[in-house]
Amino acid sequence: MSRIIVITSGKGGVGKSTITANLGMAIARLGRRVALVDADFGLRNLDLLLGLENRVVYTAVEVLANQCRLDQALVKDKRQEGLVLLPAAQSRSKEAVSPEQMKQLLGLLAKTYEYIIVDCPAGIETGFRNAIAAASEALIITTPEIAAVRDADRVIGLLEAHSIKRIHLIVNRLKPAMVQAEQMMSVQDVQEILAIPLIGVVPDDERVIISSNRGEPFVTEEKISLPGIAIHNIARRLEGDKIPFLDLMAEHDNLINRLRRMFRN
């Protein structure tokens with residue numbers, strides 16, 4: 001049975017596409033067959049984040065117009081067996097695809113792939129309706145900022161109105177030092193407002209930006225970072241494993257203590 005999961009946020013710029021690319025890679029590394037679907041028609045980014053932009057020939061629009069077969073439009077990631085990308089059309093508007101067509105497309109993918117992960121565009125208009133049309137699960141991405149959390153709350157209500165009840169929260173770009181200084185909302189603050197189960201917390205790290213610019217998912221790095229560990233843990237939780245959450249506040253305290261010892265010596 002395939003799982004169709006939409007990754008959404010409401011607000012743009014919270015790292016949704018970066019999470020999508022890395023989570024898809026992490027699930028594939030667990031031996032699952034994964035199809036990533038870029039539903040942001042006109043503003044696609046998943047191909048860049050995966051470093052596959054030069055291999056895109058056809059897109060979802062050509063598949064729906066019967067100008068190519070689905071397998072011709074799927075871009076295989078040569079670094080990871082079982083991972084493919086269905087790109088969005090860069091030159092078409094979000095109105096180029098209807099929710100019914102999206103259901104048709106994802107239904108075809110569901111015959112082959114165990115996970116279909118849909119990268120939803122920002123906002124709650126046509127692109128959002130397309131992205132959630134066939135989904136049975138959703139991951140809400142938010143940063144610990146009041147505007148992002150408010151938008152996420154609005155999206156949760158819309159998902160529930162569309163009968164998507166299995167919704168989990170990912171808090172992205174957490175900065176423990178700012179939380180300690182009471183300059184940033186804590187994970188608990190966000191959970192209290194949104195009232196949905198937490199599935200992962202991803203700390204802020206400049207290496208995420210570097211890997212995105214290189215088109216190399218950070219979960220594949222030889223020396224895995226805390227964000228990489230966090231994403232791998234989310235993948236395992238989706239598989240049903242009981243994985244404890246990283247204590248990012250303790251990690252921050254340990255770093256500060258190490259620095260203090262260095263200066264004392």
# chains A, B, ... in the order shown; residues from 1 in each chain; ligands from 1
call {"tool": "residues_around", "arguments": {"residues": "Pro144 in chain A", "least_positions_apart": "6", "cutoff": "8 Å", "atoms": "only C-alpha atoms", "output": "PyMOL selection string"}}
result
chain A and resi 171-174+184-187+190
call {"tool": "residues_around", "arguments": {"residues": "range 131-134 of chain A", "least_positions_apart": "2", "cutoff": "6 Å", "atoms": "only C-alpha atoms", "output": "VMD selection string"}}
result
chain A and resid 39 99 103 120 128 to 129
call {"tool": "write_last_selection", "arguments": {"atoms": "N, CA, C and O atoms", "output": "mmCIF file, in the first residue's frame"}}
result
data_model
loop_
_atom_site.group_PDB
_atom_site.id
_atom_site.type_symbol
_atom_site.label_atom_id
_atom_site.label_comp_id
_atom_site.auth_asym_id
_atom_site.auth_seq_id
_atom_site.Cartn_x
_atom_site.Cartn_y
_atom_site.Cartn_z
ATOM 1 N N ALA A 39 5.144 19.859 -6.856
ATOM 2 C CA ALA A 39 3.826 20.378 -7.239
ATOM 3 C C ALA A 39 3.817 21.896 -7.398
ATOM 4 O O ALA A 39 2.755 22.498 -7.527
ATOM 5 N N PRO A 99 -6.829 19.443 -9.649
ATOM 6 C CA PRO A 99 -6.766 18.414 -8.603
ATOM 7 C C PRO A 99 -7.081 17.013 -9.129
ATOM 8 O O PRO A 99 -6.463 16.036 -8.703
ATOM 9 N N LYS A 103 -4.612 13.724 -8.921
ATOM 10 C CA LYS A 103 -5.013 12.414 -8.401
ATOM 11 C C LYS A 103 -4.659 11.313 -9.395
ATOM 12 O O LYS A 103 -4.164 10.241 -9.017
ATOM 13 N N CYS A 120 4.550 20.752 -1.662
ATOM 14 C CA CYS A 120 3.447 21.689 -1.891
ATOM 15 C C CYS A 120 3.973 23.114 -2.037
ATOM 16 O O CYS A 120 4.848 23.525 -1.283
ATOM 17 N N PHE A 128 -1.906 24.677 -3.755
ATOM 18 C CA PHE A 128 -2.157 23.923 -2.528
ATOM 19 C C PHE A 128 -3.231 22.866 -2.753
ATOM 20 O O PHE A 128 -3.072 21.704 -2.356
ATOM 21 N N ARG A 129 -4.321 23.246 -3.406
ATOM 22 C CA ARG A 129 -5.413 22.295 -3.648
ATOM 23 C C ARG A 129 -4.951 21.140 -4.525
ATOM 24 O O ARG A 129 -5.357 19.993 -4.327
#
call {"tool": "residues_around", "arguments": {"residues": "range 53-67 of chain A", "least_positions_apart": "3", "cutoff": "8 Å", "atoms": "only C-alpha atoms", "output": "ChimeraX atom specification"}}
result
/A:47-48,50,70,72-75,86-89,96-97,101,105
call {"tool": "select_by_dssp", "arguments": {"residues": "range 133-240 of chain A", "states": "strand (DSSP E)", "output": "PDB file with all heavy atoms, in the first residue's frame"}}
result
ATOM      1  N   GLU A 137      -1.874  11.766   4.031  1.00  0.00           N
ATOM      2  CA  GLU A 137      -1.075  12.203   5.178  1.00  0.00           C
ATOM      3  C   GLU A 137      -0.439  13.549   4.854  1.00  0.00           C
ATOM      4  O   GLU A 137      -0.262  13.894   3.685  1.00  0.00           O
ATOM      5  CB  GLU A 137       0.052  11.200   5.490  1.00  0.00           C
ATOM      6  CG  GLU A 137      -0.400   9.782   5.753  1.00  0.00           C
ATOM      7  CD  GLU A 137       0.783   8.857   5.973  1.00  0.00           C
ATOM      8  OE1 GLU A 137       1.689   9.202   6.774  1.00  0.00           O
ATOM      9  OE2 GLU A 137       0.826   7.778   5.353  1.00  0.00           O
ATOM     10  N   ALA A 138      -0.063  14.264   5.902  1.00  0.00           N
ATOM     11  CA  ALA A 138       0.606  15.555   5.703  1.00  0.00           C
ATOM     12  C   ALA A 138       1.661  15.771   6.776  1.00  0.00           C
ATOM     13  O   ALA A 138       1.489  15.363   7.926  1.00  0.00           O
ATOM     14  CB  ALA A 138      -0.410  16.698   5.738  1.00  0.00           C
ATOM     15  N   LEU A 139       2.751  16.397   6.355  1.00  0.00           N
ATOM     16  CA  LEU A 139       3.765  16.883   7.276  1.00  0.00           C
ATOM     17  C   LEU A 139       3.755  18.402   7.194  1.00  0.00           C
ATOM     18  O   LEU A 139       3.929  18.969   6.113  1.00  0.00           O
ATOM     19  CB  LEU A 139       5.152  16.348   6.902  1.00  0.00           C
ATOM     20  CG  LEU A 139       5.345  14.834   6.947  1.00  0.00           C
ATOM     21  CD1 LEU A 139       6.768  14.470   6.516  1.00  0.00           C
ATOM     22  CD2 LEU A 139       5.054  14.282   8.330  1.00  0.00           C
ATOM     23  N   ILE A 140       3.539  19.046   8.319  1.00  0.00           N
ATOM     24  CA  ILE A 140       3.517  20.506   8.390  1.00  0.00           C
ATOM     25  C   ILE A 140       4.899  20.982   8.804  1.00  0.00           C
ATOM     26  O   ILE A 140       5.415  20.591   9.857  1.00  0.00           O
ATOM     27  CB  ILE A 140       2.487  21.003   9.420  1.00  0.00           C
ATOM     28  CG1 ILE A 140       1.071  20.588   9.021  1.00  0.00           C
ATOM     29  CG2 ILE A 140       2.586  22.510   9.593  1.00  0.00           C
ATOM     30  CD1 ILE A 140       0.455  21.414   7.932  1.00  0.00           C
ATOM     31  N   ILE A 141       5.508  21.840   7.986  1.00  0.00           N
ATOM     32  CA  ILE A 141       6.812  22.415   8.303  1.00  0.00           C
ATOM     33  C   ILE A 141       6.602  23.842   8.795  1.00  0.00           C
ATOM     34  O   ILE A 141       5.907  24.635   8.152  1.00  0.00           O
ATOM     35  CB  ILE A 141       7.736  22.469   7.064  1.00  0.00           C
ATOM     36  CG1 ILE A 141       7.728  21.146   6.309  1.00  0.00           C
ATOM     37  CG2 ILE A 141       9.160  22.868   7.478  1.00  0.00           C
ATOM     38  CD1 ILE A 141       8.303  19.983   7.034  1.00  0.00           C
ATOM     39  N   THR A 142       7.194  24.158   9.937  1.00  0.00           N
ATOM     40  CA  THR A 142       7.181  25.546  10.399  1.00  0.00           C
ATOM     41  C   THR A 142       8.505  25.871  11.069  1.00  0.00           C
ATOM     42  O   THR A 142       9.171  24.984  11.609  1.00  0.00           O
ATOM     43  CB  THR A 142       6.023  25.827  11.384  1.00  0.00           C
ATOM     44  OG1 THR A 142       5.977  27.236  11.670  1.00  0.00           O
ATOM     45  CG2 THR A 142       6.182  25.060  12.684  1.00  0.00           C
ATOM     46  N   ARG A 166      -4.273  12.488   9.259  1.00  0.00           N
ATOM     47  CA  ARG A 166      -2.964  12.072   9.762  1.00  0.00           C
ATOM     48  C   ARG A 166      -1.956  13.183   9.457  1.00  0.00           C
ATOM     49  O   ARG A 166      -1.382  13.252   8.368  1.00  0.00           O
ATOM     50  CB  ARG A 166      -2.552  10.752   9.103  1.00  0.00           C
ATOM     51  CG  ARG A 166      -1.359  10.083   9.770  1.00  0.00           C
ATOM     52  CD  ARG A 166      -1.129   8.711   9.205  1.00  0.00           C
ATOM     53  NE  ARG A 166       0.006   8.061   9.844  1.00  0.00           N
ATOM     54  CZ  ARG A 166       0.469   6.868   9.503  1.00  0.00           C
ATOM     55  NH1 ARG A 166      -0.123   6.183   8.534  1.00  0.00           N
ATOM     56  NH2 ARG A 166       1.503   6.348  10.130  1.00  0.00           N
ATOM     57  N   ILE A 167      -1.764  14.063  10.411  1.00  0.00           N
ATOM     58  CA  ILE A 167      -0.941  15.253  10.223  1.00  0.00           C
ATOM     59  C   ILE A 167       0.124  15.292  11.319  1.00  0.00           C
ATOM     60  O   ILE A 167      -0.196  15.140  12.502  1.00  0.00           O
ATOM     61  CB  ILE A 167      -1.799  16.536  10.277  1.00  0.00           C
ATOM     62  CG1 ILE A 167      -2.969  16.462   9.288  1.00  0.00           C
ATOM     63  CG2 ILE A 167      -0.952  17.772  10.003  1.00  0.00           C
ATOM     64  CD1 ILE A 167      -3.989  17.573   9.444  1.00  0.00           C
ATOM     65  N   HIS A 168       1.360  15.487  10.925  1.00  0.00           N
ATOM     66  CA  HIS A 168       2.459  15.579  11.886  1.00  0.00           C
ATOM     67  C   HIS A 168       3.239  16.877  11.676  1.00  0.00           C
ATOM     68  O   HIS A 168       3.245  17.449  10.586  1.00  0.00           O
ATOM     69  CB  HIS A 168       3.391  14.371  11.763  1.00  0.00           C
ATOM     70  CG  HIS A 168       2.809  13.114  12.314  1.00  0.00           C
ATOM     71  ND1 HIS A 168       2.073  12.258  11.535  1.00  0.00           N
ATOM     72  CD2 HIS A 168       2.849  12.576  13.562  1.00  0.00           C
ATOM     73  CE1 HIS A 168       1.672  11.233  12.280  1.00  0.00           C
ATOM     74  NE2 HIS A 168       2.127  11.402  13.511  1.00  0.00           N
ATOM     75  N   LEU A 169       3.936  17.280  12.721  1.00  0.00           N
ATOM     76  CA  LEU A 169       4.646  18.557  12.743  1.00  0.00           C
ATOM     77  C   LEU A 169       6.159  18.358  12.691  1.00  0.00           C
ATOM     78  O   LEU A 169       6.705  17.505  13.393  1.00  0.00           O
ATOM     79  CB  LEU A 169       4.285  19.304  14.041  1.00  0.00           C
ATOM     80  CG  LEU A 169       5.071  20.576  14.378  1.00  0.00           C
ATOM     81  CD1 LEU A 169       4.763  21.676  13.367  1.00  0.00           C
ATOM     82  CD2 LEU A 169       4.728  21.035  15.800  1.00  0.00           C
ATOM     83  N   ILE A 170       6.821  19.169  11.854  1.00  0.00           N
ATOM     84  CA  ILE A 170       8.284  19.274  11.851  1.00  0.00           C
ATOM     85  C   ILE A 170       8.634  20.732  12.137  1.00  0.00           C
ATOM     86  O   ILE A 170       8.208  21.634  11.398  1.00  0.00           O
ATOM     87  CB  ILE A 170       8.899  18.843  10.508  1.00  0.00           C
ATOM     88  CG1 ILE A 170       8.618  17.357  10.230  1.00  0.00           C
ATOM     89  CG2 ILE A 170      10.416  19.104  10.506  1.00  0.00           C
ATOM     90  CD1 ILE A 170       9.103  16.888   8.866  1.00  0.00           C
ATOM     91  N   VAL A 171       9.372  20.948  13.209  1.00  0.00           N
ATOM     92  CA  VAL A 171       9.859  22.298  13.524  1.00  0.00           C
ATOM     93  C   VAL A 171      11.256  22.426  12.931  1.00  0.00           C
ATOM     94  O   VAL A 171      12.162  21.663  13.274  1.00  0.00           O
ATOM     95  CB  VAL A 171       9.890  22.546  15.045  1.00  0.00           C
ATOM     96  CG1 VAL A 171      10.441  23.938  15.329  1.00  0.00           C
ATOM     97  CG2 VAL A 171       8.486  22.395  15.634  1.00  0.00           C
ATOM     98  N   ASN A 172      11.420  23.367  12.032  1.00  0.00           N
ATOM     99  CA  ASN A 172      12.675  23.515  11.288  1.00  0.00           C
ATOM    100  C   ASN A 172      13.433  24.772  11.751  1.00  0.00           C
ATOM    101  O   ASN A 172      12.833  25.743  12.218  1.00  0.00           O
ATOM    102  CB  ASN A 172      12.366  23.621   9.793  1.00  0.00           C
ATOM    103  CG  ASN A 172      13.611  23.453   8.927  1.00  0.00           C
ATOM    104  OD1 ASN A 172      14.567  22.778   9.325  1.00  0.00           O
ATOM    105  ND2 ASN A 172      13.606  24.042   7.749  1.00  0.00           N
ATOM    106  N   ARG A 173      14.764  24.708  11.595  1.00  0.00           N
ATOM    107  CA  ARG A 173      15.652  25.845  11.888  1.00  0.00           C
ATOM    108  C   ARG A 173      15.579  26.333  13.335  1.00  0.00           C
ATOM    109  O   ARG A 173      15.599  27.532  13.605  1.00  0.00           O
ATOM    110  CB  ARG A 173      15.367  27.011  10.931  1.00  0.00           C
ATOM    111  CG  ARG A 173      15.656  26.675   9.484  1.00  0.00           C
ATOM    112  CD  ARG A 173      15.362  27.862   8.594  1.00  0.00           C
ATOM    113  NE  ARG A 173      15.464  27.528   7.186  1.00  0.00           N
ATOM    114  CZ  ARG A 173      14.824  28.158   6.215  1.00  0.00           C
ATOM    115  NH1 ARG A 173      14.026  29.172   6.508  1.00  0.00           N
ATOM    116  NH2 ARG A 173      14.970  27.807   4.957  1.00  0.00           N
ATOM    117  N   LEU A 174      15.491  25.389  14.240  1.00  0.00           N
ATOM    118  CA  LEU A 174      15.514  25.757  15.651  1.00  0.00           C
ATOM    119  C   LEU A 174      16.908  26.216  16.064  1.00  0.00           C
ATOM    120  O   LEU A 174      17.905  25.588  15.706  1.00  0.00           O
ATOM    121  CB  LEU A 174      15.095  24.558  16.509  1.00  0.00           C
ATOM    122  CG  LEU A 174      14.938  24.873  17.998  1.00  0.00           C
ATOM    123  CD1 LEU A 174      13.585  25.533  18.257  1.00  0.00           C
ATOM    124  CD2 LEU A 174      15.090  23.623  18.851  1.00  0.00           C
ATOM    125  N   LEU A 198       4.223  15.846  17.147  1.00  0.00           N
ATOM    126  CA  LEU A 198       5.548  16.201  16.646  1.00  0.00           C
ATOM    127  C   LEU A 198       6.225  14.961  16.081  1.00  0.00           C
ATOM    128  O   LEU A 198       6.231  13.904  16.706  1.00  0.00           O
ATOM    129  CB  LEU A 198       6.386  16.773  17.797  1.00  0.00           C
ATOM    130  CG  LEU A 198       7.802  17.243  17.467  1.00  0.00           C
ATOM    131  CD1 LEU A 198       7.751  18.532  16.660  1.00  0.00           C
ATOM    132  CD2 LEU A 198       8.595  17.460  18.769  1.00  0.00           C
ATOM    133  N   ILE A 199       6.839  15.093  14.881  1.00  0.00           N
ATOM    134  CA  ILE A 199       7.580  13.971  14.309  1.00  0.00           C
ATOM    135  C   ILE A 199       9.062  14.297  14.122  1.00  0.00           C
ATOM    136  O   ILE A 199       9.872  13.425  13.872  1.00  0.00           O
ATOM    137  CB  ILE A 199       6.957  13.503  12.972  1.00  0.00           C
ATOM    138  CG1 ILE A 199       7.423  12.081  12.626  1.00  0.00           C
ATOM    139  CG2 ILE A 199       7.253  14.490  11.830  1.00  0.00           C
ATOM    140  CD1 ILE A 199       6.680  11.452  11.477  1.00  0.00           C
ATOM    141  N   GLY A 200       9.436  15.569  14.275  1.00  0.00           N
ATOM    142  CA  GLY A 200      10.855  15.902  14.150  1.00  0.00           C
ATOM    143  C   GLY A 200      11.161  17.360  14.404  1.00  0.00           C
ATOM    144  O   GLY A 200      10.303  18.236  14.213  1.00  0.00           O
ATOM    145  N   VAL A 201      12.392  17.599  14.876  1.00  0.00           N
ATOM    146  CA  VAL A 201      12.908  18.958  15.072  1.00  0.00           C
ATOM    147  C   VAL A 201      14.260  19.024  14.373  1.00  0.00           C
ATOM    148  O   VAL A 201      15.143  18.208  14.647  1.00  0.00           O
ATOM    149  CB  VAL A 201      13.086  19.288  16.564  1.00  0.00           C
ATOM    150  CG1 VAL A 201      13.599  20.719  16.734  1.00  0.00           C
ATOM    151  CG2 VAL A 201      11.785  19.088  17.330  1.00  0.00           C
ATOM    152  N   VAL A 202      14.411  19.976  13.465  1.00  0.00           N
ATOM    153  CA  VAL A 202      15.643  20.108  12.683  1.00  0.00           C
ATOM    154  C   VAL A 202      16.333  21.406  13.095  1.00  0.00           C
ATOM    155  O   VAL A 202      15.769  22.483  12.930  1.00  0.00           O
ATOM    156  CB  VAL A 202      15.354  20.109  11.165  1.00  0.00           C
ATOM    157  CG1 VAL A 202      16.660  20.172  10.375  1.00  0.00           C
ATOM    158  CG2 VAL A 202      14.547  18.879  10.767  1.00  0.00           C
ATOM    159  N   PRO A 203      17.550  21.314  13.635  1.00  0.00           N
ATOM    160  CA  PRO A 203      18.242  22.532  14.083  1.00  0.00           C
ATOM    161  C   PRO A 203      18.750  23.366  12.919  1.00  0.00           C
ATOM    162  O   PRO A 203      19.001  22.849  11.822  1.00  0.00           O
ATOM    163  CB  PRO A 203      19.408  21.985  14.908  1.00  0.00           C
ATOM    164  CG  PRO A 203      19.685  20.638  14.321  1.00  0.00           C
ATOM    165  CD  PRO A 203      18.347  20.098  13.893  1.00  0.00           C
TER     166      PRO A 203
END
